[in-house]
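**Q** Coordinates in final-v2.txt, compact mmCIF, C-alpha atoms, are listed below.
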```txt
# COMPACT_ATOMS: atom_id res chain seq x y z
CA MET M 12 46.86 34.10 119.75
CA ILE M 13 46.00 31.51 122.36
CA THR M 14 45.84 32.54 126.01
CA GLU M 15 45.96 30.48 129.20
CA GLY M 16 46.31 32.09 132.60
CA ARG M 17 49.19 34.55 132.48
CA ILE M 18 50.66 33.51 129.14
CA ARG M 19 49.77 33.62 125.48
CA LEU M 20 51.03 31.61 122.55
CA ARG M 21 51.70 33.74 119.51
CA ALA M 22 53.40 33.14 116.19
CA LEU M 23 57.17 32.78 116.45
CA GLU M 24 58.61 35.50 114.22
CA GLU M 25 61.98 36.08 112.60
CA GLY M 26 62.64 38.85 115.12
CA ASP M 27 62.57 36.21 117.89
CA LEU M 28 65.28 34.04 116.35
CA GLU M 29 68.39 35.54 117.90
CA ARG M 30 66.87 35.35 121.38
CA THR M 31 65.80 31.72 120.85
CA ARG M 32 69.22 30.81 119.45
CA THR M 33 70.79 32.22 122.61
CA TRP M 34 68.50 30.00 124.65
CA VAL M 35 69.25 26.77 122.77
CA ASN M 36 72.97 27.55 123.09
CA ASP M 37 72.67 28.00 126.87
CA PRO M 38 74.31 24.83 128.28
CA GLU M 39 71.59 24.15 130.88
CA VAL M 40 68.69 24.68 128.44
CA ALA M 41 70.50 22.58 125.82
CA ARG M 42 70.97 19.76 128.32
CA LEU M 43 67.30 19.78 129.31
CA VAL M 44 66.15 19.54 125.68
CA ASN M 45 68.92 17.09 124.76
CA ARG M 46 70.89 19.36 122.43
CA VAL M 47 74.60 18.78 122.13
CA LEU M 48 76.01 20.97 119.37
CA PRO M 49 75.83 24.77 119.36
CA VAL M 50 73.47 26.31 116.81
CA THR M 51 74.73 28.96 114.38
CA GLY M 52 72.61 31.86 113.15
CA VAL M 53 72.42 30.32 109.67
CA GLU M 54 71.34 26.92 111.05
CA HIS M 55 68.71 28.56 113.23
CA ARG M 56 67.23 30.56 110.32
CA GLU M 57 67.18 27.40 108.17
CA TRP M 58 65.37 25.53 110.97
CA TYR M 59 62.82 28.34 111.25
CA GLN M 60 62.16 28.35 107.49
CA ARG M 61 61.66 24.56 107.49
CA VAL M 62 59.28 24.65 110.45
CA VAL M 63 57.08 27.51 109.25
CA SER M 64 56.73 25.96 105.80
CA ASP M 65 55.92 22.45 107.09
CA ARG M 66 52.16 21.87 107.15
CA HIS M 67 52.68 19.05 109.66
CA GLN M 68 54.04 21.42 112.32
CA VAL M 69 52.94 24.45 114.29
CA ILE M 70 55.25 26.60 116.35
CA PHE M 71 54.54 29.29 118.90
CA ALA M 72 56.40 31.79 121.05
CA VAL M 73 55.43 31.64 124.73
CA GLU M 74 54.84 35.18 125.96
CA VAL M 75 53.96 36.56 129.41
CA ILE M 76 50.84 38.68 128.91
CA ALA M 77 51.62 41.27 131.61
CA ASP M 78 54.74 42.65 129.91
CA ALA M 79 54.83 40.83 126.53
CA THR M 80 58.10 39.10 127.49
CA HIS M 81 58.99 36.21 125.22
CA VAL M 82 60.09 33.41 127.59
CA GLY M 83 60.08 30.25 125.47
CA ASN M 84 58.85 28.32 122.47
CA CYS M 85 56.59 25.35 121.93
CA GLY M 86 54.91 23.48 119.16
CA LEU M 87 53.38 20.36 117.74
CA LYS M 88 55.21 18.35 115.12
CA GLY M 89 54.46 15.24 113.13
CA ILE M 90 50.82 16.31 112.99
CA ASP M 91 48.92 13.42 111.43
CA PRO M 92 45.34 14.49 110.59
CA ARG M 93 44.33 10.96 109.56
CA VAL M 94 45.38 9.32 112.84
CA ARG M 95 44.73 12.60 114.69
CA LYS M 96 47.95 12.71 116.69
CA ALA M 97 51.01 14.93 117.11
CA GLU M 98 54.19 15.22 119.16
CA LEU M 99 54.49 18.10 121.63
CA TRP M 100 57.73 19.92 122.35
CA MET M 101 58.40 22.96 124.47
CA TYR M 102 61.01 24.80 126.47
CA LEU M 103 61.29 27.96 128.48
CA GLY M 104 64.64 29.45 127.58
CA ASP M 105 64.42 32.51 129.82
CA ARG M 106 65.78 31.15 133.11
CA ALA M 107 64.11 33.97 135.08
CA SER M 108 60.75 32.47 134.04
CA TRP M 109 61.50 29.01 135.47
CA GLY M 110 59.46 27.81 138.43
CA LYS M 111 56.62 30.30 137.94
CA GLY M 112 54.07 27.98 136.31
CA TYR M 113 54.40 29.48 132.83
CA GLY M 114 55.41 26.11 131.39
CA THR M 115 52.28 24.45 132.76
CA GLU M 116 50.09 27.20 131.33
CA ALA M 117 51.86 26.99 127.96
CA CYS M 118 51.44 23.21 127.88
CA ILE M 119 47.72 23.49 128.67
CA ALA M 120 47.29 26.13 125.95
CA LEU M 121 49.15 24.00 123.40
CA CYS M 122 47.14 20.87 124.27
CA ARG M 123 43.88 22.83 124.11
CA PHE M 124 44.92 24.09 120.65
CA GLY M 125 45.77 20.55 119.53
CA PHE M 126 42.57 18.95 120.79
CA GLU M 127 40.12 21.75 120.00
CA ARG M 128 41.50 23.44 116.89
CA LEU M 129 43.39 20.61 115.21
CA ASN M 130 40.89 17.96 116.32
CA LEU M 131 43.64 15.66 117.63
CA ASP M 132 42.84 12.59 119.71
CA ARG M 133 46.38 12.03 121.01
CA ILE M 134 49.38 14.18 121.91
CA HIS M 135 52.62 12.50 122.91
CA LEU M 136 56.14 13.58 123.83
CA TYR M 137 59.58 12.33 124.76
CA THR M 138 61.78 13.77 127.49
CA PRO M 139 65.03 12.66 129.13
CA VAL M 140 64.46 11.12 132.58
CA TYR M 141 66.85 13.63 134.13
CA ASN M 142 64.50 16.48 133.17
CA GLU M 143 62.43 15.89 136.30
CA ARG M 144 60.74 19.32 136.18
CA ALA M 145 59.42 18.56 132.70
CA VAL M 146 58.13 15.13 133.72
CA ALA M 147 56.33 16.69 136.71
CA LEU M 148 54.84 19.45 134.53
CA TYR M 149 53.51 16.96 131.97
CA GLU M 150 52.03 14.75 134.70
CA LYS M 151 50.34 17.83 136.19
CA VAL M 152 48.71 18.53 132.81
CA GLY M 153 47.52 14.91 132.63
CA PHE M 154 50.13 13.12 130.50
CA LYS M 155 50.68 9.48 131.43
CA THR M 156 53.97 7.61 131.15
CA GLU M 157 53.56 5.09 128.35
CA GLY M 158 57.04 3.67 128.32
CA VAL M 159 60.74 4.21 128.63
CA LEU M 160 63.28 4.24 125.82
CA ARG M 161 66.34 2.72 127.43
CA GLN M 162 69.63 4.58 126.92
CA ASP M 163 67.99 6.79 124.29
CA VAL M 164 69.75 10.02 125.28
CA PHE M 165 73.50 10.63 125.44
CA GLN M 166 74.42 13.68 127.50
CA ASP M 167 77.30 14.63 129.78
CA GLY M 168 79.31 11.58 128.71
CA GLN M 169 76.71 9.00 129.63
CA SER M 170 73.49 7.40 128.41
CA TYR M 171 70.09 8.13 129.92
CA ASP M 172 66.61 6.78 129.42
CA ALA M 173 63.88 8.87 127.83
CA VAL M 174 60.29 8.84 129.04
CA VAL M 175 57.49 8.52 126.49
CA MET M 176 54.32 10.25 127.67
CA GLY M 177 50.90 10.60 126.10
CA LEU M 178 47.64 12.44 126.62
CA LEU M 179 44.34 11.50 125.02
CA ARG M 180 41.60 14.00 124.25
CA HIS M 181 39.15 12.48 126.76
CA GLU M 182 41.82 12.64 129.52
CA PHE M 183 42.50 16.37 129.04
CA ARG M 184 40.98 18.19 132.00
CA PRO M 185 42.74 21.52 132.42
CA GLY M 186 42.35 22.98 135.88
CA GLN M 187 41.66 19.60 137.47
CA PRO M 188 44.30 17.44 139.14
CA SER M 189 45.20 14.42 137.00
CA ALA M 190 44.16 11.01 138.30
```
Translate this file's structure into structure tokens.

**A**
Amino acid sequence: MITEGRIRLRALEEGDLERTRTWVNDPEVARLVNRVLPVTGVEHREWYQRVVSDRHQVIFAVEVIADATHVGNCGLKGIDPRVRKAELWMYLGDRASWGKGYGTEACIALCRFGFERLNLDRIHLYTPVYNERAVALYEKVGFKTEGVLRQDVFQDGQSYDAVVMGLLRHEFRPGQPSA
């Protein structure tokens, strides 16, 4: 387990799958993570089996330490040990946990894991421009906007840009405001 502030990252387990499937099928959560189609139980179990068996990915449940409430999931994918980089993804599916800083703490914990335990030099991510809370969270952690993928996301009947953000090991300063 990895702890940061009030949260811990723990292994995502099969017992968590129905809760996480409910989250990804919530229209607002799905929109924020750019999902369009509903996810069936079979599809979700198949996704879980692929992820846990892929040595180029790690996945965690985000849990509030005080009451062990599972509030979201996060991970690193496309882990490239030669180039020492990976792509970060995360979401808090429990709407009651939004706006409490848990996402920031989870992001810091995941970056710390990537830089310290996996020896990464670079962590990057993509997020739709309309997910302003996510962009602000990543900037707070120290991610810098590296570019924009024009009309990369199609949601709600229209195209949106996606922001590409990156964080280098030497820029990671948890607890300090980003420059």

**Q** Could you check which of M:Gly26, M:Pro185, M:Pro139, M:Gly52 is closest to Ala173 of chain M, using all atoms listed in the file?

**A**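 Under the stated criterion, the closest residue is M:Pro139.
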
**Q** Quick one: everything within 9 Å of Tyr59 of chain M, counting all atoms listed in the file, minus sequence neighbours fewer than 2 positions away in the same chain. Send it as a PyMOL selection string.

**A** chain M and resi 23-25+28+54-57+61-64

**Q** Nearest residue to Cys118 of chain M out of M:Asp105, M:Asp91, M:Glu150, M:Asp65, using all atoms listed in the file?

**A**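 Smallest distance to Cys118 of chain M is found for M:Glu150.
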
**Q** Between atom CA of Ile134 of chain M and atom CA of Gly177 of chain M, what is the distance in Å, rounded to a tenth?

**A**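 So the two atoms, atom CA of Ile134 of chain M and atom CA of Gly177 of chain M, lie 5.7 Å apart.
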
**Q** For Ala117 of chain M, list every protein, DNA or RNA residue within 12 Å, evaluated using all atoms listed in the file, and leave out those in the same chain fewer than 3 positions away; present the list as number ranges by chain.

**A** M: 12-21, 71-76, 81-86, 99-103, 111-114, 120-124, 148-149, 152, 185

**Q** For each of M:Asp78, M:Glu182, M:Glu39, M:Glu98, take the minimum atom-to-atom distance to Tyr141 of chain M, counting all atoms listed in the file, then give the residue where this is smallest.

**A**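 That would be M:Glu39, the residue with the smallest distance to Tyr141 of chain M.
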
**Q** Nearest to Ala145 of chain M: which of M:Ala77, M:Ile119, M:Ala22, M:Leu43 is it, counting all atoms listed in the file?

**A**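 Going through M:Ala77, M:Ile119, M:Ala22, M:Leu43 one by one, the smallest distance to Ala145 of chain M is for M:Leu43.
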